[in-house]
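Text of the file run.txt, holding compact mmCIF, C-alpha atoms and all ligand atoms:
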```txt
# COMPACT_ATOMS: atom_id res chain seq x y z
CA MET A 40 6.63 62.24 27.51
CA ILE A 41 3.95 59.62 26.86
CA VAL A 42 0.17 60.01 26.61
CA VAL A 43 -2.11 57.44 28.20
CA GLY A 44 -5.86 57.42 27.61
CA PRO A 45 -8.79 55.66 26.02
CA LYS A 46 -8.78 55.44 22.22
CA ASP A 47 -11.81 57.71 21.94
CA GLY A 48 -10.74 60.18 19.28
CA PHE A 49 -9.79 62.70 21.97
CA SER A 50 -6.84 61.28 23.93
CA ASP A 51 -5.27 59.74 20.82
CA LYS A 52 -5.84 62.98 18.88
CA LEU A 53 -4.12 64.97 21.61
CA ALA A 54 -1.19 62.51 21.66
CA GLU A 55 -0.83 63.04 17.92
CA LYS A 56 -0.91 66.83 18.26
CA LEU A 57 1.73 66.60 20.99
CA GLY A 58 3.87 64.15 18.99
CA CYS A 59 3.93 61.72 21.96
CA ASP A 60 3.76 57.92 22.04
CA PHE A 61 0.21 56.86 22.87
CA PHE A 62 -0.67 54.06 25.29
CA GLU A 63 -4.28 52.99 25.09
CA LEU A 64 -6.29 52.69 28.29
CA GLU A 65 -8.66 49.80 27.82
CA ARG A 66 -11.90 50.37 29.72
CA ARG A 67 -13.73 47.35 31.06
CA THR A 68 -16.69 47.21 33.41
CA PHE A 69 -17.54 43.95 35.14
CA PRO A 70 -21.15 42.82 35.69
CA ASP A 71 -21.02 44.03 39.30
CA LYS A 72 -20.01 47.52 37.97
CA GLU A 73 -16.43 47.34 39.20
CA ILE A 74 -14.05 48.64 36.59
CA ARG A 75 -10.66 47.61 35.30
CA PRO A 76 -8.77 50.25 33.35
CA ARG A 77 -5.80 48.50 31.74
CA ILE A 78 -2.84 50.27 30.14
CA LEU A 79 -2.02 48.34 26.97
CA GLY A 80 1.70 47.94 26.29
CA SER A 81 2.55 48.92 29.86
CA GLU A 82 5.72 46.80 29.77
CA LYS A 83 7.27 49.53 27.59
CA ILE A 84 6.66 52.21 30.24
CA THR A 85 9.72 52.93 32.35
CA SER A 86 10.72 55.26 35.13
CA ALA A 87 12.27 57.46 32.45
CA ASN A 88 8.80 58.39 31.28
CA LYS A 89 6.72 61.35 32.33
CA ALA A 90 3.07 60.67 31.58
CA ILE A 91 0.06 62.71 30.56
CA LEU A 92 -3.11 60.88 31.41
CA VAL A 93 -5.77 62.29 29.09
CA SER A 94 -9.09 61.12 30.36
CA ARG A 95 -12.43 62.33 29.06
CA MET A 96 -15.61 61.12 30.72
CA GLU A 97 -17.52 58.74 28.46
CA ARG A 98 -21.27 58.49 27.94
CA PRO A 99 -23.47 57.49 29.67
CA LEU A 100 -22.01 59.98 32.11
CA ASP A 101 -20.92 58.54 35.43
CA PRO A 102 -18.56 60.92 37.26
CA ASN A 103 -18.04 58.46 40.11
CA LYS A 104 -16.91 55.63 37.84
CA TYR A 105 -14.77 58.16 35.94
CA LEU A 106 -13.10 59.35 39.14
CA VAL A 107 -12.27 55.80 40.26
CA GLU A 108 -10.87 55.04 36.80
CA ILE A 109 -8.56 58.05 37.07
CA LEU A 110 -7.44 57.22 40.61
CA LEU A 111 -6.68 53.60 39.69
CA THR A 112 -4.80 54.60 36.53
CA VAL A 113 -2.69 57.26 38.22
CA LYS A 114 -1.72 54.78 40.95
CA ASN A 115 -0.98 52.22 38.25
CA LEU A 116 1.30 54.64 36.38
CA LYS A 117 3.12 55.43 39.62
CA SER A 118 3.58 51.70 40.31
CA LEU A 119 5.08 51.35 36.81
CA GLY A 120 7.75 53.85 37.86
CA VAL A 121 6.40 57.03 36.27
CA ASP A 122 7.37 59.82 38.63
CA GLU A 123 5.37 62.67 37.15
CA VAL A 124 1.76 62.35 36.05
CA THR A 125 -0.10 65.24 34.45
CA LEU A 126 -3.84 64.71 34.31
CA VAL A 127 -5.88 66.27 31.52
CA MET A 128 -9.47 66.22 32.77
CA PRO A 129 -11.35 68.32 30.21
CA TYR A 130 -14.50 68.58 32.34
CA MET A 131 -13.71 69.07 36.03
CA ILE A 132 -16.17 66.89 37.87
CA TYR A 133 -17.74 67.98 41.16
CA ALA A 134 -16.83 71.61 40.35
CA ARG A 135 -20.41 72.75 40.93
CA GLN A 136 -20.04 71.64 44.56
CA ASP A 137 -17.38 74.25 45.30
CA LYS A 138 -19.25 75.64 48.31
CA ILE A 139 -21.18 74.26 51.23
CA PHE A 140 -24.53 75.60 50.05
CA ARG A 141 -26.51 73.92 52.83
CA SER A 142 -25.22 72.61 56.15
CA GLY A 143 -24.14 68.99 56.11
CA GLU A 144 -22.91 69.03 52.51
CA PRO A 145 -19.29 68.08 51.71
CA LEU A 146 -16.94 70.52 49.99
CA SER A 147 -16.73 68.05 47.13
CA ALA A 148 -14.71 70.14 44.66
CA GLU A 149 -11.85 70.46 47.15
CA TYR A 150 -12.01 66.83 48.29
CA VAL A 151 -11.83 65.54 44.72
CA LEU A 152 -8.69 67.59 44.10
CA GLU A 153 -7.19 66.15 47.30
CA LEU A 154 -7.95 62.61 46.10
CA LEU A 155 -6.24 63.32 42.78
CA LYS A 156 -3.17 64.68 44.56
CA GLN A 157 -3.03 61.74 46.96
CA ALA A 158 -3.24 59.28 44.05
CA GLY A 159 -0.13 60.93 42.56
CA VAL A 160 -1.28 63.61 40.13
CA SER A 161 1.39 66.34 39.99
CA ARG A 162 -0.38 68.67 37.59
CA LEU A 163 -4.01 68.98 36.57
CA LEU A 164 -5.15 70.67 33.40
CA THR A 165 -8.84 71.29 32.90
CA VAL A 166 -11.01 73.48 30.70
CA SER A 167 -13.28 76.26 31.98
CA CYS A 168 -13.55 74.95 35.52
CA HIS A 169 -16.93 75.97 36.91
CA PHE A 170 -15.40 77.75 39.89
CA SER A 171 -12.53 80.19 39.77
CA GLY A 172 -9.39 79.72 41.85
CA ILE A 173 -8.70 76.04 41.13
CA GLU A 174 -4.97 76.84 41.15
CA ASP A 175 -5.09 77.69 44.84
CA LEU A 176 -7.61 75.18 46.15
CA CYS A 177 -5.28 72.25 46.76
CA PRO A 178 -1.74 73.09 47.90
CA GLY A 179 0.79 70.72 46.32
CA LEU A 180 -1.33 70.12 43.23
CA GLU A 181 -0.49 72.40 40.34
CA ALA A 182 -3.88 73.03 38.74
CA VAL A 183 -4.66 75.05 35.63
CA SER A 184 -7.94 75.86 33.91
CA ILE A 185 -7.69 77.03 30.31
CA SER A 186 -10.58 78.85 28.71
CA GLY A 187 -13.01 76.90 26.55
CA PHE A 188 -14.62 80.23 25.64
CA LYS A 189 -11.53 81.18 23.64
CA THR A 190 -12.02 78.00 21.64
CA ILE A 191 -15.71 78.82 21.14
CA ALA A 192 -14.83 82.39 20.10
CA LYS A 193 -12.41 81.13 17.44
CA TYR A 194 -15.20 78.93 16.07
CA LEU A 195 -17.74 81.78 16.10
CA ALA A 196 -15.27 84.02 14.29
CA LYS A 197 -15.46 81.65 11.32
CA LEU A 198 -19.26 82.05 11.12
CA GLY A 199 -18.86 85.65 9.95
CA LEU A 200 -21.43 87.12 12.35
CA ARG A 201 -21.91 90.89 12.02
CA ASP A 202 -22.21 92.93 15.19
CA PRO A 203 -23.54 90.01 17.26
CA VAL A 204 -24.85 90.21 20.81
CA VAL A 205 -23.19 87.65 23.05
CA LEU A 206 -25.37 86.98 26.06
CA GLY A 207 -24.70 85.16 29.31
CA PRO A 208 -27.80 83.62 30.85
CA ASP A 209 -26.56 84.77 34.28
CA GLU A 210 -24.13 87.32 35.64
CA LYS A 211 -21.16 84.94 35.80
CA ALA A 212 -21.76 83.89 32.20
CA GLY A 213 -21.74 87.60 31.35
CA THR A 214 -17.96 87.62 31.95
CA TRP A 215 -17.56 84.77 29.44
CA ALA A 216 -19.76 86.67 26.96
CA LYS A 217 -17.43 89.64 27.37
CA GLU A 218 -14.37 87.45 26.81
CA ILE A 219 -15.89 86.19 23.54
CA VAL A 220 -16.76 89.69 22.30
CA ASN A 221 -13.21 90.81 23.04
CA ILE A 222 -11.80 87.97 20.95
CA LEU A 223 -14.31 88.51 18.13
CA GLY A 224 -13.44 92.18 18.12
CA SER A 225 -17.02 93.16 17.31
CA GLY A 226 -20.47 93.09 18.87
CA GLU A 227 -21.74 93.68 22.38
CA HIS A 228 -22.06 91.51 25.46
CA THR A 229 -24.79 91.42 28.05
CA PHE A 230 -26.28 89.08 30.65
CA LEU A 231 -29.54 88.14 32.33
CA GLU A 232 -30.41 87.79 36.01
CA LYS A 233 -31.00 84.17 37.00
CA HIS A 234 -32.16 82.63 40.28
CA ARG A 235 -32.07 78.92 41.07
CA ASP A 236 -34.08 77.27 43.82
CA ARG A 237 -31.54 75.15 45.71
CA ASP A 238 -34.14 72.54 46.70
CA SER A 239 -36.03 72.01 43.46
CA GLY A 240 -33.22 73.07 41.09
CA LYS A 241 -35.79 75.17 39.20
CA VAL A 242 -34.37 78.17 37.37
CA GLU A 243 -36.10 81.54 37.03
CA THR A 244 -34.73 84.29 34.79
CA GLU A 245 -35.74 87.94 34.81
CA GLU A 246 -37.07 89.21 31.50
CA LYS A 247 -34.82 92.28 31.40
CA LEU A 248 -32.42 92.92 28.54
CA ALA A 249 -29.92 95.77 28.65
CA VAL A 250 -29.05 95.60 24.93
CA ASP A 251 -31.21 95.97 21.82
CA ILE A 252 -31.13 92.57 20.08
CA GLY A 253 -33.89 92.97 17.48
CA GLY A 254 -32.68 91.81 14.03
CA ARG A 255 -29.21 90.83 15.34
CA ASP A 256 -27.39 87.53 15.68
CA VAL A 257 -27.54 86.54 19.33
CA VAL A 258 -25.09 84.03 20.80
CA ILE A 259 -26.06 82.63 24.20
CA VAL A 260 -23.03 81.23 26.02
CA ASP A 261 -22.60 79.26 29.22
CA ASP A 262 -20.09 76.87 30.72
CA ILE A 263 -22.48 73.95 31.23
CA ALA A 264 -25.70 72.71 29.65
CA SER A 265 -27.19 70.18 32.04
CA SER A 266 -31.00 70.11 32.26
CA GLY A 267 -31.03 72.96 29.75
CA GLY A 268 -33.32 75.01 32.01
CA THR A 269 -30.93 77.98 32.11
CA LEU A 270 -30.53 78.08 28.33
CA ILE A 271 -34.22 77.51 27.56
CA ASN A 272 -35.19 80.48 29.74
CA ALA A 273 -32.62 82.64 27.93
CA VAL A 274 -33.79 81.50 24.47
CA ASN A 275 -37.41 82.19 25.42
CA ILE A 276 -36.57 85.73 26.49
CA VAL A 277 -34.33 86.44 23.49
CA LYS A 278 -36.78 85.21 20.87
CA LYS A 279 -39.46 87.67 22.04
CA HIS A 280 -37.18 90.44 20.72
CA LYS A 281 -37.13 89.03 17.18
CA PRO A 282 -33.39 88.48 16.68
CA LYS A 283 -31.96 87.51 13.30
CA SER A 284 -30.69 84.20 14.70
CA ILE A 285 -30.07 82.48 18.03
CA ILE A 286 -26.91 80.43 18.47
CA VAL A 287 -26.36 78.60 21.75
CA ALA A 288 -22.79 77.55 22.59
CA VAL A 289 -21.54 75.90 25.76
CA VAL A 290 -18.22 74.46 26.85
CA HIS A 291 -19.43 71.33 28.66
CA PRO A 292 -22.38 69.37 27.19
CA ILE A 293 -23.71 67.35 30.10
CA LEU A 294 -27.10 67.30 28.35
CA SER A 295 -29.33 65.43 30.77
CA GLY A 296 -32.49 63.86 29.38
CA ASP A 297 -33.84 65.58 26.28
CA CYS A 298 -31.87 68.80 26.80
CA VAL A 299 -30.86 69.10 23.12
CA GLU A 300 -34.41 68.73 21.81
CA LYS A 301 -35.71 71.18 24.40
CA VAL A 302 -33.12 73.89 23.65
CA LYS A 303 -33.65 73.55 19.90
CA GLY A 304 -37.41 73.32 20.40
CA ALA A 305 -37.37 76.59 22.35
CA GLY A 306 -36.03 78.34 19.24
CA ALA A 307 -32.22 77.97 19.05
CA ASP A 308 -31.10 77.86 15.41
CA MET A 309 -27.81 76.21 16.42
CA PHE A 310 -26.81 74.43 19.62
CA LEU A 311 -23.08 73.71 19.84
CA SER A 312 -20.51 72.73 22.39
CA THR A 313 -16.87 71.84 22.73
CA ASP A 314 -15.76 68.22 23.01
CA THR A 315 -14.73 68.25 26.68
CA ILE A 316 -17.53 65.68 26.97
CA PRO A 317 -18.59 63.61 23.96
CA SER A 318 -22.09 64.37 22.65
CA GLU A 319 -24.09 64.94 19.49
CA ILE A 320 -23.39 68.71 19.72
CA SER A 321 -19.64 68.48 20.56
CA LYS A 322 -18.50 70.08 17.29
CA ILE A 323 -15.75 72.39 18.62
CA SER A 324 -12.55 70.63 19.63
CA VAL A 325 -10.47 71.88 22.54
CA THR A 326 -7.60 69.50 21.71
CA GLU A 327 -5.70 72.13 19.71
CA ASP A 328 -5.78 74.64 22.58
CA ILE A 329 -4.86 71.99 25.17
CA ALA A 330 -1.94 70.83 23.01
CA ARG A 331 -0.74 74.42 22.54
CA PHE A 332 -0.90 75.06 26.27
CA ILE A 333 1.04 71.90 27.11
CA LYS A 334 3.66 72.58 24.45
CA THR A 335 4.28 76.10 25.61
CA CYS A 336 3.71 75.28 29.31
CA GLY A 337 2.02 78.65 29.43
CA ALA A 338 1.36 80.74 32.48
CA LYS A 339 -1.63 79.86 34.64
CA GLU A 340 -4.94 80.95 33.14
CA VAL A 341 -8.34 80.89 34.74
C1 LIG B 1 -24.52 77.40 36.69
O1 LIG B 1 -24.12 78.32 37.39
C2 LIG B 1 -23.87 77.02 35.41
O2 LIG B 1 -23.05 78.04 34.92
C3 LIG B 1 -24.90 76.61 34.38
O3 LIG B 1 -25.70 77.72 34.07
C4 LIG B 1 -25.77 75.50 34.88
O4 LIG B 1 -24.98 74.44 35.37
C5 LIG B 1 -26.68 74.98 33.80
O5 LIG B 1 -27.53 74.02 34.34
P1 LIG B 1 -28.93 73.71 33.69
O6 LIG B 1 -28.69 73.36 32.24
O7 LIG B 1 -29.45 72.53 34.47
O8 LIG B 1 -29.80 74.90 33.84
```

Please re-express this file's structure in structure tokens.
Amino acid sequence: MIVVGPKDGFSDKLAEKLGCDFFELERRTFPDKEIRPRILGSEKITSANKAILVSRMERPLDPNKYLVEILLTVKNLKSLGVDEVTLVMPYMIYARQDKIFRSGEPLSAEYVLELLKQAGVSRLLTVSCHFSGIEDLCPGLEAVSISGFKTIAKYLAKLGLRDPVVLGPDEKAGTWAKEIVNILGSGEHTFLEKHRDRDSGKVETEEKLAVDIGGRDVVIVDDIASSGGTLINAVNIVKKHKPKSIIVAVVHPILSGDCVEKVKGAGADMFLSTDTIPSEISKISVTEDIARFIKTCGAKEV
């Protein structure tokens, strides 16, 4: 098994954890924005190799460029004779377009999976995919989503929080809050009611809390921080109840604009994320959990 990917401290780290030979993917963008991902040392790759392409989106974020890079590299690996390509895509792009919300929209999440399969990906491993059911969405593509919340929980456990409240800023995030409390083995979970206007993207959150948070450590968890609107609303509601501290932790730090400053400015004492996307808050590495999953080839997890 070989690992192919950019030398970005993520792909090479994963190769090391897996004990696999690493082939660097050199990223080059031409002035007209076309890209040329080149596998260095490709002459040593033979049909005897199975490959894991570990590709993390770089900043500035450009999911379209990232997708083309993956498609070109998978095809390239196939043309070099590799018959089985596993793709590690830590942040599943287009996953928020998993439904046709308004007529005329494409079902982008499904179409992206089809493109990956057609390019030659046999197996896709991602982290906390935004929608559930990725394993069944594209027949012929074995897809797995491992939980980034487990990784976050293991990090939180080291902070020594006593009887924390783990809060999801919406109902879906409430299930992730519960998962974290179960792993921590202490505290309570709860969630808020959130509504998003599909046209403006504006988020409104109801100011109702089902759990007493006064004087307690509150951890607000979500899968994605993008504009930060969802998290800022949650922080604003939580801080009115005078908690001991507010920690915000997300799996995928998209962090558009001045999201970090706004979340901290609203009153978060800590704002952390995993490293599925590189960023200034990506302090919690998922590489250990990805490596463990690959080594054990564990059962499907969502
Ligand atoms: C939505 O359902 C997601 O789980 C996140 O809450 C959302 O993507 C966060 O977006 P934003 O930071 O723009 O509010």

Using only the atoms of range 75-80 of chain A listed in the file, plus 5 Å on each side, state the axis-aligned box centre and edge lengths in Å rounded to one decimal, as lines of an AutoDock Vina configuration file.
```
center_x = -4.5
center_y = 48.9
center_z = 30.8
size_x = 22.4
size_y = 12.7
size_z = 19.0
```

(request) Between A:Pro208, A:Val258, A:Val242, A:Ile41, single out the one closest to Glu227 in chain A, counting all atoms listed in the file. (result)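 Result for the nearest residue to Glu227 in chain A: A:Val258.
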
Could you make a table, as JSON lines, of the residues of chain A that have an atom within 6 Å of an atom of ligand LIG 1 (chain B), each with its nearest atom pair and distance in Å to one decimal, counting all atoms listed in the file, in chain and number order?
```
{"residue": "A:Asp261", "atom": "CA", "partner": "B:LIG1", "partner_atom": "O2", "distance": 5.8}
{"residue": "A:Asp262", "atom": "CA", "partner": "B:LIG1", "partner_atom": "O2", "distance": 5.3}
{"residue": "A:Ile263", "atom": "CA", "partner": "B:LIG1", "partner_atom": "C3", "distance": 4.8}
{"residue": "A:Ala264", "atom": "CA", "partner": "B:LIG1", "partner_atom": "O6", "distance": 4.0}
{"residue": "A:Ser265", "atom": "CA", "partner": "B:LIG1", "partner_atom": "O6", "distance": 3.5}
{"residue": "A:Ser266", "atom": "CA", "partner": "B:LIG1", "partner_atom": "O7", "distance": 3.6}
{"residue": "A:Gly267", "atom": "CA", "partner": "B:LIG1", "partner_atom": "O6", "distance": 3.4}
{"residue": "A:Gly268", "atom": "CA", "partner": "B:LIG1", "partner_atom": "O8", "distance": 4.0}
{"residue": "A:Thr269", "atom": "CA", "partner": "B:LIG1", "partner_atom": "O8", "distance": 3.7}
```

(request) Kindly indicate which residue among A:Phe188, A:Phe61, A:Tyr150, A:Phe230 lies nearest to Val43 in chain A, using only C-alpha atoms for the distances. (result)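 Closest candidate: A:Phe61.
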
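The space separating CA of Asp328 in chain A from CA of Leu92 in chain A comes to 16.6 Å.
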
(request) Give me the residues within 10 Å of Lys283 in chain A as a list in words, counting only C-alpha atoms and dropping any in the same chain fewer than 4 places off. (result) Pro203, Ile252, Gly253, Gly254, Arg255, Asp256, Val257, Lys278 and Asp308 of chain A

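The shortest atom-to-atom distance to Arg237 in chain A, with only C-alpha atoms taken into account, belongs to A:Ile139 out of A:Cys59, A:Leu195, A:Ile139, A:Ile320.
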
(message) Need to verify the contact set: Gln157 in chain A, 12 Å, only C-alpha atoms, exclusion of same-chain residues closer than 2 positions in sequence. Can you return it as an MDAnalysis selection string?
(response) chainID A and resid 109:111 113:114 117 124 150:155 159:162 177:180

(request) Mind giving me the straight-line distance from CA of Leu176 in chain A to CA of Glu327 in chain A in Å, one decimal? (result) 26.7 Å

(message) List the spatial neighbours of Glu319 in chain A as a ChimeraX atom specification - criterion: any atom at most 10 Å away, only C-alpha atoms, same-chain residues fewer than 5 positions off excluded.
(response) /A:292,294,299,310-312,314

(request) Find the residue from A:Asn88, A:Ile191, A:Lys156, A:Met131 that sits nearest to Ile173 in chain A; use all atoms listed in the file when measuring. (result) A:Met131

(message) Just the number, please: distance in Å from CA of Glu144 in chain A to CA of Thr112 in chain A, one decimal.
(response)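 These atoms are spaced 28.1 Å apart.
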
(request) Do a neighbour search on Val93 in chain A at 9 Å with only C-alpha atoms, toss out local chain neighbours closer than 5 positions, and write the hits as a PyMOL selection string. (result) chain A and resi 42-45+49-51+53-54+125-129

(request) Counting all atoms listed in the file, figure out which residue out of A:His169, A:Lys52, A:Lys241, A:Arg141 gets nearest to His291 in chain A. (result) A:His169

(request) Would you list the contacts of Ala87 in chain A as a ChimeraX atom specification, taking every protein, DNA or RNA residue within 9 Å and counting all atoms listed in the file, but skipping same-chain residues closer than 4 positions in sequence? (result) /A:40,120-122

Residues from last step as file, C-alpha atoms, as a PDB file, in the frame of the given file:
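Below you can see out17.pdb, which holds the result:
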```
ATOM      1  CA  MET A  40       6.630  62.240  27.510  1.00  0.00           C
ATOM      2  CA  GLY A 120       7.750  53.850  37.860  1.00  0.00           C
ATOM      3  CA  VAL A 121       6.400  57.030  36.270  1.00  0.00           C
ATOM      4  CA  ASP A 122       7.370  59.820  38.630  1.00  0.00           C
TER       5      ASP A 122
END
```

(request) Between A:Ala196, A:Glu245, A:Ala330, A:Ala212, single out the one closest to Gly224 in chain A, counting only C-alpha atoms. (result)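 Of all the options, A:Ala196 lies closest to Gly224 in chain A.
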
Generate the missing atoms of range 321-330 of chain A up to all heavy atoms and report them as a short mmCIF file (atom, residue, chain, number, x, y, z; two decimals), keeping the file's coordinate frame.
```cif
data_model
loop_
_atom_site.label_atom_id
_atom_site.label_comp_id
_atom_site.auth_asym_id
_atom_site.auth_seq_id
_atom_site.Cartn_x
_atom_site.Cartn_y
_atom_site.Cartn_z
N SER A 321 -21.05 68.15 20.24
CA SER A 321 -19.64 68.48 20.56
C SER A 321 -18.82 68.72 19.28
O SER A 321 -17.97 67.91 18.89
CB SER A 321 -19.00 67.35 21.36
OG SER A 321 -19.72 67.10 22.52
N LYS A 322 -19.10 69.82 18.61
CA LYS A 322 -18.50 70.08 17.29
C LYS A 322 -17.20 70.89 17.36
O LYS A 322 -16.52 71.06 16.36
CB LYS A 322 -19.48 70.87 16.41
CG LYS A 322 -20.87 70.28 16.32
CD LYS A 322 -20.92 69.10 15.38
CE LYS A 322 -22.35 68.61 15.19
NZ LYS A 322 -22.45 67.16 15.12
N ILE A 323 -16.89 71.47 18.53
CA ILE A 323 -15.75 72.39 18.62
C ILE A 323 -14.67 71.73 19.48
O ILE A 323 -14.87 71.53 20.68
CB ILE A 323 -16.19 73.73 19.28
CG1 ILE A 323 -17.45 74.30 18.58
CG2 ILE A 323 -15.06 74.74 19.28
CD1 ILE A 323 -18.10 75.46 19.32
N SER A 324 -13.55 71.39 18.86
CA SER A 324 -12.55 70.63 19.63
C SER A 324 -11.60 71.53 20.43
O SER A 324 -11.05 72.51 19.90
CB SER A 324 -11.72 69.74 18.70
OG SER A 324 -10.89 68.93 19.51
N VAL A 325 -11.41 71.15 21.68
CA VAL A 325 -10.47 71.88 22.54
C VAL A 325 -9.06 71.28 22.47
O VAL A 325 -8.14 71.80 23.11
CB VAL A 325 -10.94 71.90 24.03
CG1 VAL A 325 -12.18 72.75 24.20
CG2 VAL A 325 -11.16 70.49 24.57
N THR A 326 -8.89 70.19 21.70
CA THR A 326 -7.60 69.50 21.71
C THR A 326 -6.45 70.40 21.23
O THR A 326 -5.35 70.33 21.77
CB THR A 326 -7.64 68.21 20.85
OG1 THR A 326 -8.18 68.52 19.58
CG2 THR A 326 -8.48 67.14 21.52
N GLU A 327 -6.75 71.25 20.24
CA GLU A 327 -5.70 72.13 19.71
C GLU A 327 -5.21 73.09 20.81
O GLU A 327 -4.00 73.28 21.00
CB GLU A 327 -6.28 72.94 18.53
CG GLU A 327 -5.27 73.74 17.75
CD GLU A 327 -4.27 72.85 17.01
OE1 GLU A 327 -4.71 71.88 16.36
OE2 GLU A 327 -3.07 73.14 17.10
N ASP A 328 -6.16 73.67 21.53
CA ASP A 328 -5.78 74.64 22.58
C ASP A 328 -5.09 73.95 23.76
O ASP A 328 -4.19 74.51 24.37
CB ASP A 328 -7.01 75.44 23.04
CG ASP A 328 -7.42 76.46 21.97
OD1 ASP A 328 -6.58 76.82 21.14
OD2 ASP A 328 -8.58 76.88 21.97
N ILE A 329 -5.53 72.73 24.08
CA ILE A 329 -4.86 71.99 25.17
C ILE A 329 -3.42 71.67 24.74
O ILE A 329 -2.47 71.86 25.50
CB ILE A 329 -5.63 70.69 25.52
CG1 ILE A 329 -6.98 71.03 26.17
CG2 ILE A 329 -4.80 69.82 26.46
CD1 ILE A 329 -7.85 69.81 26.48
N ALA A 330 -3.28 71.20 23.50
CA ALA A 330 -1.94 70.83 23.01
C ALA A 330 -1.02 72.06 23.02
O ALA A 330 0.13 71.98 23.46
CB ALA A 330 -2.02 70.25 21.61
#
```
